Structure formats: structure tokens, C-alpha cells
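**Q** If it helps, the file is called my_file_3.txt and holds compact mmCIF, C-alpha atoms:
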```
# COMPACT_ATOMS: atom_id res chain seq x y z
CA MET A 7 -7.93 18.09 -7.42
CA ALA A 8 -7.27 15.70 -4.52
CA ARG A 9 -7.01 12.06 -5.55
CA LEU A 10 -10.01 10.90 -3.47
CA GLU A 11 -12.20 13.98 -3.85
CA ASN A 12 -15.91 13.34 -3.16
CA ARG A 13 -15.41 9.65 -2.41
CA ILE A 14 -17.01 7.85 0.51
CA ALA A 15 -14.55 5.59 2.34
CA LEU A 16 -15.18 3.10 5.13
CA ILE A 17 -12.12 2.05 7.13
CA THR A 18 -12.41 -0.67 9.76
CA GLY A 19 -10.06 -0.84 12.72
CA ALA A 20 -9.39 2.85 12.16
CA THR A 21 -8.93 4.02 15.75
CA SER A 22 -5.16 3.41 15.87
CA GLY A 23 -2.09 2.45 13.90
CA ILE A 24 -2.27 1.87 10.17
CA GLY A 25 -6.06 2.28 10.09
CA GLU A 26 -5.85 5.68 11.75
CA SER A 27 -3.12 6.80 9.35
CA ILE A 28 -5.19 5.64 6.37
CA ALA A 29 -8.18 7.60 7.66
CA LEU A 30 -6.07 10.76 8.00
CA ALA A 31 -4.48 10.30 4.58
CA PHE A 32 -7.80 9.62 2.83
CA ALA A 33 -9.33 12.73 4.40
CA LYS A 34 -6.40 14.87 3.22
CA GLU A 35 -7.02 13.52 -0.28
CA GLY A 36 -10.63 14.71 -0.15
CA ALA A 37 -12.52 11.58 0.90
CA THR A 38 -15.43 11.57 3.33
CA VAL A 39 -14.17 9.05 5.86
CA ILE A 40 -16.24 6.71 8.00
CA ILE A 41 -14.01 5.64 10.88
CA CYS A 42 -15.10 2.24 12.16
CA GLY A 43 -13.86 0.66 15.37
CA ARG A 44 -14.71 -0.26 18.93
CA ARG A 45 -13.05 2.60 20.83
CA GLU A 46 -15.56 5.41 20.73
CA ASP A 47 -13.41 8.02 22.47
CA LYS A 48 -10.46 7.50 20.12
CA GLY A 49 -12.65 7.31 17.03
CA ASN A 50 -14.41 10.57 17.82
CA ALA A 51 -11.06 12.23 18.55
CA ILE A 52 -9.72 11.22 15.14
CA ALA A 53 -12.88 12.46 13.42
CA SER A 54 -12.58 15.78 15.27
CA ALA A 55 -8.92 16.12 14.25
CA ILE A 56 -9.86 15.54 10.62
CA ALA A 57 -12.64 18.13 10.84
CA ALA A 58 -10.26 20.65 12.44
CA ASP A 59 -7.95 20.15 9.45
CA GLY A 60 -10.77 20.90 7.02
CA GLY A 61 -11.71 17.30 6.27
CA ASN A 62 -14.90 15.30 6.65
CA ALA A 63 -15.12 12.27 8.93
CA THR A 64 -17.50 10.49 11.26
CA PHE A 65 -16.99 7.67 13.74
CA ARG A 66 -19.23 4.64 13.88
CA LYS A 67 -18.78 2.03 16.59
CA CYS A 68 -19.12 -1.48 15.19
CA ASP A 69 -17.96 -5.02 15.91
CA VAL A 70 -17.18 -6.10 12.36
CA SER A 71 -17.26 -9.78 13.31
CA ASP A 72 -20.99 -9.40 14.16
CA GLU A 73 -23.18 -9.70 11.07
CA ALA A 74 -26.15 -7.82 12.51
CA ALA A 75 -23.89 -4.92 13.50
CA VAL A 76 -22.27 -4.81 10.07
CA ALA A 77 -25.63 -4.93 8.29
CA ALA A 78 -26.90 -2.06 10.45
CA LEU A 79 -23.78 -0.01 9.68
CA MET A 80 -24.24 -0.50 5.93
CA SER A 81 -27.91 0.48 6.18
CA GLU A 82 -26.88 3.70 7.93
CA ILE A 83 -24.24 4.44 5.28
CA ASP A 84 -26.79 3.82 2.55
CA ALA A 85 -29.29 6.18 4.19
CA THR A 86 -26.67 8.90 4.71
CA HIS A 87 -24.51 8.66 1.59
CA GLY A 88 -26.32 6.35 -0.83
CA ARG A 89 -23.16 4.54 -1.85
CA LEU A 90 -19.63 3.48 -0.91
CA ASP A 91 -16.57 4.11 -3.07
CA ILE A 92 -13.83 2.58 -0.92
CA VAL A 93 -13.75 -0.12 1.74
CA VAL A 94 -10.58 -0.78 3.74
CA ASN A 95 -10.77 -4.02 5.71
CA ASN A 96 -8.13 -3.21 8.30
CA ALA A 97 -9.57 -4.56 11.58
CA GLY A 98 -7.57 -7.38 13.10
CA THR A 99 -5.68 -8.91 15.99
CA ALA A 100 -2.29 -10.62 16.27
CA PRO A 101 -1.82 -13.09 19.12
CA ALA A 102 1.74 -14.29 19.59
CA GLY A 103 2.71 -17.73 20.85
CA ASN A 104 3.34 -21.26 19.70
CA LEU A 105 0.41 -23.14 18.19
CA GLU A 106 0.67 -25.86 20.84
CA GLN A 107 0.03 -23.30 23.57
CA MET A 108 -2.88 -21.57 21.81
CA THR A 109 -6.37 -21.97 23.23
CA MET A 110 -9.43 -22.65 21.12
CA ASP A 111 -10.88 -19.31 22.23
CA THR A 112 -7.84 -17.43 20.90
CA TRP A 113 -7.89 -19.37 17.63
CA THR A 114 -11.57 -18.61 17.11
CA ALA A 115 -11.13 -14.95 18.04
CA VAL A 116 -8.31 -14.30 15.55
CA ILE A 117 -10.27 -15.90 12.71
CA ALA A 118 -13.35 -13.82 13.60
CA SER A 119 -11.38 -10.58 13.78
CA ASN A 120 -9.11 -11.09 10.77
CA VAL A 121 -11.12 -13.19 8.32
CA THR A 122 -14.81 -13.23 9.24
CA SER A 123 -14.74 -9.43 9.40
CA ILE A 124 -13.56 -9.23 5.77
CA PHE A 125 -16.31 -11.63 4.72
CA LEU A 126 -19.05 -9.72 6.53
CA VAL A 127 -17.99 -6.18 5.65
CA THR A 128 -17.40 -7.07 2.01
CA LYS A 129 -20.64 -9.05 1.71
CA HIS A 130 -22.77 -6.20 3.03
CA ALA A 131 -20.79 -3.46 1.26
CA ILE A 132 -21.11 -4.92 -2.24
CA PRO A 133 -24.58 -3.45 -2.96
CA LEU A 134 -23.31 0.00 -1.96
CA LEU A 135 -20.08 -0.38 -3.94
CA ARG A 136 -22.08 -1.27 -7.05
CA LYS A 137 -23.53 2.25 -6.95
CA SER A 138 -20.05 3.76 -7.35
CA LYS A 139 -18.08 4.36 -10.54
CA THR A 140 -14.75 4.12 -8.67
CA ALA A 141 -15.45 1.23 -6.29
CA ASN A 142 -12.59 -0.63 -4.71
CA ILE A 143 -11.74 -2.73 -1.68
CA ILE A 144 -8.41 -2.89 0.13
CA ASN A 145 -7.82 -5.87 2.43
CA LEU A 146 -4.97 -5.71 4.92
CA GLY A 147 -2.62 -8.61 4.44
CA SER A 148 0.90 -8.87 5.82
CA THR A 149 4.36 -10.14 4.97
CA PHE A 150 3.41 -12.98 7.32
CA GLY A 151 0.71 -13.95 4.84
CA VAL A 152 3.40 -14.54 2.21
CA VAL A 153 6.24 -16.13 4.19
CA GLY A 154 6.35 -18.39 7.24
CA ALA A 155 6.00 -16.93 10.72
CA GLY A 156 6.83 -19.27 13.58
CA GLY A 157 5.20 -18.06 16.78
CA SER A 158 2.42 -16.34 14.81
CA VAL A 159 0.82 -19.25 13.00
CA ALA A 160 -2.79 -18.16 13.52
CA TYR A 161 -2.13 -14.56 12.47
CA ALA A 162 -0.10 -15.63 9.43
CA MET A 163 -2.83 -18.03 8.38
CA THR A 164 -5.47 -15.30 8.50
CA LYS A 165 -3.32 -12.92 6.47
CA ALA A 166 -2.74 -15.60 3.84
CA ALA A 167 -6.52 -15.99 3.80
CA ALA A 168 -6.93 -12.22 3.32
CA ILE A 169 -4.62 -12.34 0.29
CA SER A 170 -6.41 -15.36 -1.17
CA MET A 171 -9.80 -13.72 -0.63
CA THR A 172 -8.49 -10.62 -2.38
CA LYS A 173 -7.53 -12.54 -5.52
CA SER A 174 -10.80 -14.47 -5.67
CA LEU A 175 -12.94 -11.39 -5.00
CA ALA A 176 -11.08 -9.44 -7.69
CA ILE A 177 -12.26 -12.04 -10.19
CA GLU A 178 -15.76 -12.32 -8.75
CA LEU A 179 -16.42 -8.57 -8.55
CA ALA A 180 -14.73 -7.47 -11.78
CA VAL A 181 -18.07 -7.72 -13.59
CA ASP A 182 -19.38 -5.03 -11.21
CA GLY A 183 -16.39 -2.75 -11.83
CA ILE A 184 -15.14 -3.25 -8.25
CA ARG A 185 -11.38 -3.50 -7.87
CA VAL A 186 -10.00 -5.57 -4.96
CA ASN A 187 -6.41 -5.41 -3.73
CA ALA A 188 -4.42 -6.30 -0.63
CA LEU A 189 -1.99 -4.05 1.19
CA CYS A 190 0.71 -6.17 2.85
CA PRO A 191 2.80 -4.17 5.32
CA GLY A 192 6.12 -5.14 6.77
CA ALA A 193 6.67 -4.44 10.47
CA THR A 194 5.13 -1.05 11.19
CA ALA A 195 5.59 1.16 14.25
CA THR A 196 2.09 0.91 15.72
CA PRO A 197 0.60 -0.10 19.08
CA PHE A 198 -0.51 -3.28 17.30
CA LEU A 199 3.12 -4.24 16.60
CA PHE A 200 4.43 -3.21 20.00
CA ASP A 201 1.72 -5.23 21.78
CA TRP A 202 2.60 -8.27 19.67
CA ALA A 203 6.29 -7.85 20.49
CA GLU A 204 5.47 -7.75 24.20
CA GLU A 205 3.47 -10.96 23.87
CA THR A 206 6.53 -12.77 22.56
CA GLY A 207 8.11 -12.37 26.02
CA ASN A 208 11.18 -10.61 24.61
CA ALA A 209 10.04 -7.29 23.16
CA ALA A 210 13.51 -5.78 22.72
CA GLY A 211 14.89 -8.89 21.06
CA THR A 212 11.86 -9.21 18.81
CA MET A 213 12.11 -5.60 17.66
CA GLU A 214 15.84 -6.00 16.98
CA TRP A 215 15.11 -9.14 14.96
CA LEU A 216 12.47 -7.30 12.93
CA VAL A 217 14.75 -4.38 12.10
CA ASN A 218 17.52 -6.78 11.07
CA HIS A 219 15.15 -8.66 8.75
CA HIS A 220 14.15 -5.56 6.80
CA PRO A 221 16.98 -4.90 4.32
CA ILE A 222 16.10 -1.21 4.24
CA GLY A 223 17.43 -1.10 7.83
CA ARG A 224 14.34 -0.04 9.77
CA ILE A 225 10.65 -0.79 10.24
CA SER A 226 7.89 1.17 8.51
CA GLN A 227 6.00 4.19 9.76
CA PRO A 228 2.21 3.93 9.49
CA GLU A 229 2.12 6.97 7.19
CA GLU A 230 4.13 4.97 4.63
CA GLN A 231 1.46 2.30 4.58
CA ALA A 232 -1.25 4.95 4.29
CA THR A 233 0.45 6.43 1.23
CA ALA A 234 0.31 3.01 -0.43
CA ALA A 235 -3.37 2.70 0.49
CA VAL A 236 -4.11 6.07 -1.14
CA PHE A 237 -2.48 4.80 -4.34
CA LEU A 238 -4.55 1.59 -4.36
CA ALA A 239 -7.77 3.49 -3.65
CA SER A 240 -7.19 6.18 -6.27
CA ASP A 241 -7.52 6.33 -10.04
CA ASP A 242 -3.73 5.99 -10.18
CA ALA A 243 -4.41 2.26 -9.64
CA SER A 244 -7.37 2.05 -12.04
CA PHE A 245 -5.92 -1.03 -13.78
CA VAL A 246 -4.72 -2.71 -10.58
CA THR A 247 -6.88 -5.49 -9.16
CA GLY A 248 -6.19 -8.85 -7.54
CA HIS A 249 -2.79 -7.59 -6.45
CA ALA A 250 -1.06 -7.99 -3.08
CA LEU A 251 1.13 -4.90 -2.69
CA LEU A 252 4.07 -5.62 -0.40
CA VAL A 253 5.20 -2.47 1.40
CA ASP A 254 7.79 -4.28 3.45
CA GLY A 255 11.21 -2.69 3.14
CA GLY A 256 12.49 -5.78 1.35
CA TYR A 257 11.45 -8.28 4.05
CA THR A 258 10.06 -10.82 1.58
CA ALA A 259 12.83 -10.26 -0.98
CA GLN A 260 15.33 -12.26 1.03
```
What is this file in C-alpha cells?
**A**
Amino acid sequence: MARLENRIALITGATSGIGESIALAFAKEGATVIICGRREDKGNAIASAIAADGGNATFRKCDVSDEAAVAALMSEIDATHGRLDIVVNNAGTAPAGNLEQMTMDTWTAVIASNVTSIFLVTKHAIPLLRKSKTANIINLGSTFGVVGAGGSVAYAMTKAAAISMTKSLAIELAVDGIRVNALCPGATATPFLFDWAEETGNAAGTMEWLVNHHPIGRISQPEEQATAAVFLASDDASFVTGHALLVDGGYTAQ
């Protein structure tokens, strides 16, 4: 039996990169996947690819920093499925640049995308998760939420917040049988990373620096992060909660 058979999983920011890979991996493990994002064409294409491979997925467009939109999404999930088993809070943005140069608009936007979205999705998902016997939440952290990250202060701050929220929610929701963990990737070969590298003004140098700072000698592939997410979401991790799982090729071990 597949590890996520008959489970209902919501994945935010699932139209590219790590989120897309998690959606594909969850579907292969038997989950019914709700792909959440802003890019309707890409989301529908991923859902179609999953269906063509024998899986079950739907796309739902949603701005997860908008409470009314999130509440409406949860109402639809409740009407369709009656519960949620897994929530992956993956949506986010990563502006590069020194804090002194950052505008207030950028600061506000990264907090909304990376932190407010976790608050809103989790808040409105809790009643649906309570209906599940295998409920769990995975919040996307980062190595930059554990160690310093000059030139990415706002992003690093939000990922530290995601890890802190994970630990506090694990305590708060344990009474409901809801596990909460964080997945903290190292540098991963996604459009998200490549866009961030471009924003530094020296993409080639930034990528070389990243490779050199991962003792394993390379950056991660998104499928490697998805494999870790499957573990956290499955019964294999039934006694794991409040944990920040670093899948970082040794980046934070130095």
C-alpha cells in the first residue's frame, strides 16, 4: 500500500519547484492532491500530468496571504472532501539585497507571502485537520532560518519564523492529534533559487558559492526535498512533531 493512500493533501505554492515536486511525489504515494497557487495554466498542467500517471489532483487558484480567499478555499475542500489529512505550507518569495536598500513594500510582501500565509492557511485548515486520524502540517523553512544569511535578511527572518511557528504549533495542536514539522531545504535547483541568484547581481558567483558551501559537493534536486516531505507526511514519522528537518547536504553542519 502506498504511504499516503486515501489521504487528502493541500500544497501551497505548488506550481513550480519544491512544491510541484511534493505534489507529484504525494500523488505517486496515493494522496489526493490539491495544488494551490496563482498560476492557473501551470497548476492545471501539473494536475493533468498527475491524472495521466494514474493519480488524483486538482488545481485551485488562491492568494494564501488573503484571508477571505483562504477561507473560501477551505470551505470548498470541506464541501468536496470533508477533511484534510496533510497541509504543506510551501508558498513563499525570496527577495535578495541588503536590508538598507530594501523598500517597505518588499519587506511587507515577503512577510505576507512567507509568514502570514502559514498563519492563515493553518488557522483555517485546523477544523478540517481535526477530522483526520493522520493529520499533519509541514511548513517550509530553510537553512537560512537556522544560520545567518547576509543579503537575504528578510527571507531568513521569515524562515526562522516558520521554524518557530512549527515548534509552537506542534505543542498547541498535539491535543488534537495534529503533527507539525518543518522541512528546511538547502539550496535546491528550482526557478525560485535561480531567480534569487539573479537578483544578487552575480548569478554565476552566487551559484558557485552555494555549491562550495554544501559539503556534499552539489545543491539539491527538488525531488530530494519531496522525498523528505513524503516521510514527514507519512506514518513513518508518526512520532515526529515539532521537528525542523534539515535536508541541506551538510550546509548547516559547518
**Q** So that I can check the surroundings of range 140-153 of chain A, please list as a VMD selection string every protein, DNA and RNA residue that reaches within 9 Å of it, counting only C-alpha atoms and ignoring chain neighbours fewer than 3 positions away.
**A** chain A and resid 13 90 to 98 120 124 128 135 to 137 158 to 159 161 to 169 171 to 172 182 to 193 235 238 to 241 244 247 250 to 254 257 to 258
**Q** Would you work out the distance separating CA of Ala115 in chain A from CA of Ser174 in chain A, expressed in Å to one decimal?
**A**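 According to the coordinates, CA of Ala115 in chain A and CA of Ser174 in chain A are separated by 23.7 Å.
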**Q** Which of these, A:Asp47, A:Asp242, A:Glu26, A:Asp111, has the shortest distance to Pro228 in chain A once you count all atoms listed in the file?
**A**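 Closest to Pro228 in chain A of all the choices is A:Glu26.
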**Q** Could you state the separation of CA of Gln227 in chain A and CA of Ile24 in chain A in Å, given to one decimal place?
**A**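 Spanning CA of Gln227 in chain A to CA of Ile24 in chain A is a straight-line distance of 8.6 Å.
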**Q** Given only C-alpha atoms as the basis, pick out the residue of A:Val70, A:Ala53, A:Ala85, A:Ala160 nearest to Asn104 in chain A.
**A** A:Ala160
**Q** Give the answer as one residue: which of A:Ile40, A:Gly156, A:Ala33, A:Ile56 has the shortest atom-to-atom distance to Ile17 in chain A, using only C-alpha atoms?
**A** A:Ile40
**Q** Of the residues A:Ala118, A:Ala37, A:Ala20, A:Ala29, which is the one nearest to Thr99 in chain A, using all atoms listed in the file?
**A**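 The closest residue to Thr99 in chain A is A:Ala118.
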**Q** Restricting the calculation to only C-alpha atoms, which member of A:Asp59, A:Ile222, A:His87, A:Ser22 is positioned closest to Ser138 in chain A?
**A**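 Of the candidates, the smallest distance to Ser138 in chain A is held by A:His87.
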**Q** Separation of CA of Glu204 in chain A and CA of Ile117 in chain A, in Å?
**A**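 CA of Ile117 in chain A lies at a distance of 21.1 Å from CA of Glu204 in chain A.
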**Q** Given only C-alpha atoms as the basis, pick out the residue of A:Leu179, A:Met108, A:Leu216, A:Leu30 nearest to Gly60 in chain A.
**A**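 Distance minimum relative to Gly60 in chain A lands on A:Leu30.
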**Q** Give me the residues near Asp69 in chain A as number ranges by chain, where near means some atom within 9 Å (using all atoms listed in the file) and where sequence neighbours in that chain fewer than 3 positions away do not count.
**A** A: 42-44, 72-73, 75-76, 119, 123
**Q** Save C-alpha atoms of range 52-144 of chain A from the block above as a PDB file, in the first residue's frame.
**A**
```pdb
ATOM      1  CA  ILE A  52       0.547  19.624 -13.183  1.00  0.00           C
ATOM      2  CA  ALA A  53      -2.870  18.247 -12.220  1.00  0.00           C
ATOM      3  CA  SER A  54      -3.289  16.835 -15.737  1.00  0.00           C
ATOM      4  CA  ALA A  55       0.154  15.211 -15.595  1.00  0.00           C
ATOM      5  CA  ILE A  56      -0.732  13.570 -12.288  1.00  0.00           C
ATOM      6  CA  ALA A  57      -4.034  12.302 -13.710  1.00  0.00           C
ATOM      7  CA  ALA A  58      -2.254  10.924 -16.800  1.00  0.00           C
ATOM      8  CA  ASP A  59       0.021   8.972 -14.439  1.00  0.00           C
ATOM      9  CA  GLY A  60      -2.975   7.457 -12.656  1.00  0.00           C
ATOM     10  CA  GLY A  61      -3.074   9.897  -9.745  1.00  0.00           C
ATOM     11  CA  ASN A  62      -5.698  12.275  -8.431  1.00  0.00           C
ATOM     12  CA  ALA A  63      -5.137  16.031  -8.329  1.00  0.00           C
ATOM     13  CA  THR A  64      -6.966  19.313  -8.763  1.00  0.00           C
ATOM     14  CA  PHE A  65      -5.739  22.880  -9.033  1.00  0.00           C
ATOM     15  CA  ARG A  66      -7.214  25.711  -7.016  1.00  0.00           C
ATOM     16  CA  LYS A  67      -6.088  29.279  -7.587  1.00  0.00           C
ATOM     17  CA  CYS A  68      -5.644  31.124  -4.298  1.00  0.00           C
ATOM     18  CA  ASP A  69      -3.668  34.017  -2.831  1.00  0.00           C
ATOM     19  CA  VAL A  70      -2.765  32.463   0.509  1.00  0.00           C
ATOM     20  CA  SER A  71      -1.965  35.855   2.033  1.00  0.00           C
ATOM     21  CA  ASP A  72      -5.650  36.844   1.590  1.00  0.00           C
ATOM     22  CA  GLU A  73      -7.807  35.571   4.452  1.00  0.00           C
ATOM     23  CA  ALA A  74     -11.085  35.653   2.537  1.00  0.00           C
ATOM     24  CA  ALA A  75      -9.537  33.627  -0.293  1.00  0.00           C
ATOM     25  CA  VAL A  76      -8.086  31.077   2.129  1.00  0.00           C
ATOM     26  CA  ALA A  77     -11.382  30.725   3.997  1.00  0.00           C
ATOM     27  CA  ALA A  78     -13.211  30.162   0.709  1.00  0.00           C
ATOM     28  CA  LEU A  79     -10.678  27.506  -0.328  1.00  0.00           C
ATOM     29  CA  MET A  80     -11.131  25.631   2.952  1.00  0.00           C
ATOM     30  CA  SER A  81     -14.913  25.780   2.601  1.00  0.00           C
ATOM     31  CA  GLU A  82     -14.605  24.235  -0.854  1.00  0.00           C
ATOM     32  CA  ILE A  83     -12.294  21.496   0.432  1.00  0.00           C
ATOM     33  CA  ASP A  84     -14.716  20.764   3.257  1.00  0.00           C
ATOM     34  CA  ALA A  85     -17.642  20.507   0.834  1.00  0.00           C
ATOM     35  CA  THR A  86     -15.708  18.256  -1.554  1.00  0.00           C
ATOM     36  CA  HIS A  87     -13.652  16.059   0.768  1.00  0.00           C
ATOM     37  CA  GLY A  88     -14.951  16.654   4.284  1.00  0.00           C
ATOM     38  CA  ARG A  89     -11.487  16.748   5.811  1.00  0.00           C
ATOM     39  CA  LEU A  90      -7.780  17.434   5.296  1.00  0.00           C
ATOM     40  CA  ASP A  91      -5.018  14.997   6.226  1.00  0.00           C
ATOM     41  CA  ILE A  92      -1.936  16.945   5.148  1.00  0.00           C
ATOM     42  CA  VAL A  93      -1.144  20.632   4.709  1.00  0.00           C
ATOM     43  CA  VAL A  94       2.150  21.742   3.173  1.00  0.00           C
ATOM     44  CA  ASN A  95       2.778  25.462   3.638  1.00  0.00           C
ATOM     45  CA  ASN A  96       5.233  25.940   0.804  1.00  0.00           C
ATOM     46  CA  ALA A  97       4.249  29.292  -0.757  1.00  0.00           C
ATOM     47  CA  GLY A  98       6.892  31.971  -0.459  1.00  0.00           C
ATOM     48  CA  THR A  99       9.170  34.549  -2.007  1.00  0.00           C
ATOM     49  CA  ALA A 100      12.873  35.343  -1.592  1.00  0.00           C
ATOM     50  CA  PRO A 101      13.991  38.894  -2.358  1.00  0.00           C
ATOM     51  CA  ALA A 102      17.745  39.378  -2.428  1.00  0.00           C
ATOM     52  CA  GLY A 103      19.531  42.571  -1.421  1.00  0.00           C
ATOM     53  CA  ASN A 104      20.928  44.391   1.565  1.00  0.00           C
ATOM     54  CA  LEU A 105      18.462  45.455   4.246  1.00  0.00           C
ATOM     55  CA  GLU A 106      19.428  49.112   3.823  1.00  0.00           C
ATOM     56  CA  GLN A 107      18.292  49.008   0.192  1.00  0.00           C
ATOM     57  CA  MET A 108      15.016  47.183   0.860  1.00  0.00           C
ATOM     58  CA  THR A 109      11.759  49.069   0.429  1.00  0.00           C
ATOM     59  CA  MET A 110       8.878  48.879   2.859  1.00  0.00           C
ATOM     60  CA  ASP A 111       6.727  47.343   0.125  1.00  0.00           C
ATOM     61  CA  THR A 112       9.200  44.489  -0.358  1.00  0.00           C
ATOM     62  CA  TRP A 113       9.504  43.915   3.390  1.00  0.00           C
ATOM     63  CA  THR A 114       5.729  43.752   3.781  1.00  0.00           C
ATOM     64  CA  ALA A 115       5.337  41.479   0.755  1.00  0.00           C
ATOM     65  CA  VAL A 116       7.857  38.877   1.958  1.00  0.00           C
ATOM     66  CA  ILE A 117       6.232  38.702   5.394  1.00  0.00           C
ATOM     67  CA  ALA A 118       2.785  38.303   3.801  1.00  0.00           C
ATOM     68  CA  SER A 119       3.950  35.573   1.435  1.00  0.00           C
ATOM     69  CA  ASN A 120       6.188  33.623   3.818  1.00  0.00           C
ATOM     70  CA  VAL A 121       4.647  34.086   7.267  1.00  0.00           C
ATOM     71  CA  THR A 122       1.094  35.428   7.029  1.00  0.00           C
ATOM     72  CA  SER A 123       0.284  32.646   4.559  1.00  0.00           C
ATOM     73  CA  ILE A 124       1.278  29.987   7.123  1.00  0.00           C
ATOM     74  CA  PHE A 125      -0.868  31.696   9.753  1.00  0.00           C
ATOM     75  CA  LEU A 126      -3.923  31.934   7.506  1.00  0.00           C
ATOM     76  CA  VAL A 127      -3.739  28.500   5.894  1.00  0.00           C
ATOM     77  CA  THR A 128      -3.078  26.775   9.208  1.00  0.00           C
ATOM     78  CA  LYS A 129      -5.777  28.730  11.052  1.00  0.00           C
ATOM     79  CA  HIS A 130      -8.468  27.839   8.535  1.00  0.00           C
ATOM     80  CA  ALA A 131      -7.225  24.262   7.995  1.00  0.00           C
ATOM     81  CA  ILE A 132      -7.312  23.240  11.663  1.00  0.00           C
ATOM     82  CA  PRO A 133     -11.047  22.384  11.744  1.00  0.00           C
ATOM     83  CA  LEU A 134     -10.584  20.142   8.698  1.00  0.00           C
ATOM     84  CA  LEU A 135      -7.416  18.551  10.077  1.00  0.00           C
ATOM     85  CA  ARG A 136      -9.245  17.684  13.297  1.00  0.00           C
ATOM     86  CA  LYS A 137     -11.470  15.375  11.237  1.00  0.00           C
ATOM     87  CA  SER A 138      -8.447  13.289  10.205  1.00  0.00           C
ATOM     88  CA  LYS A 139      -6.769  10.447  12.085  1.00  0.00           C
ATOM     89  CA  THR A 140      -3.421  11.129  10.366  1.00  0.00           C
ATOM     90  CA  ALA A 141      -3.354  14.940  10.367  1.00  0.00           C
ATOM     91  CA  ASN A 142      -0.093  16.761   9.923  1.00  0.00           C
ATOM     92  CA  ILE A 143       1.312  20.072   8.738  1.00  0.00           C
ATOM     93  CA  ILE A 144       4.642  20.651   7.016  1.00  0.00           C
TER      94      ILE A 144
END
```
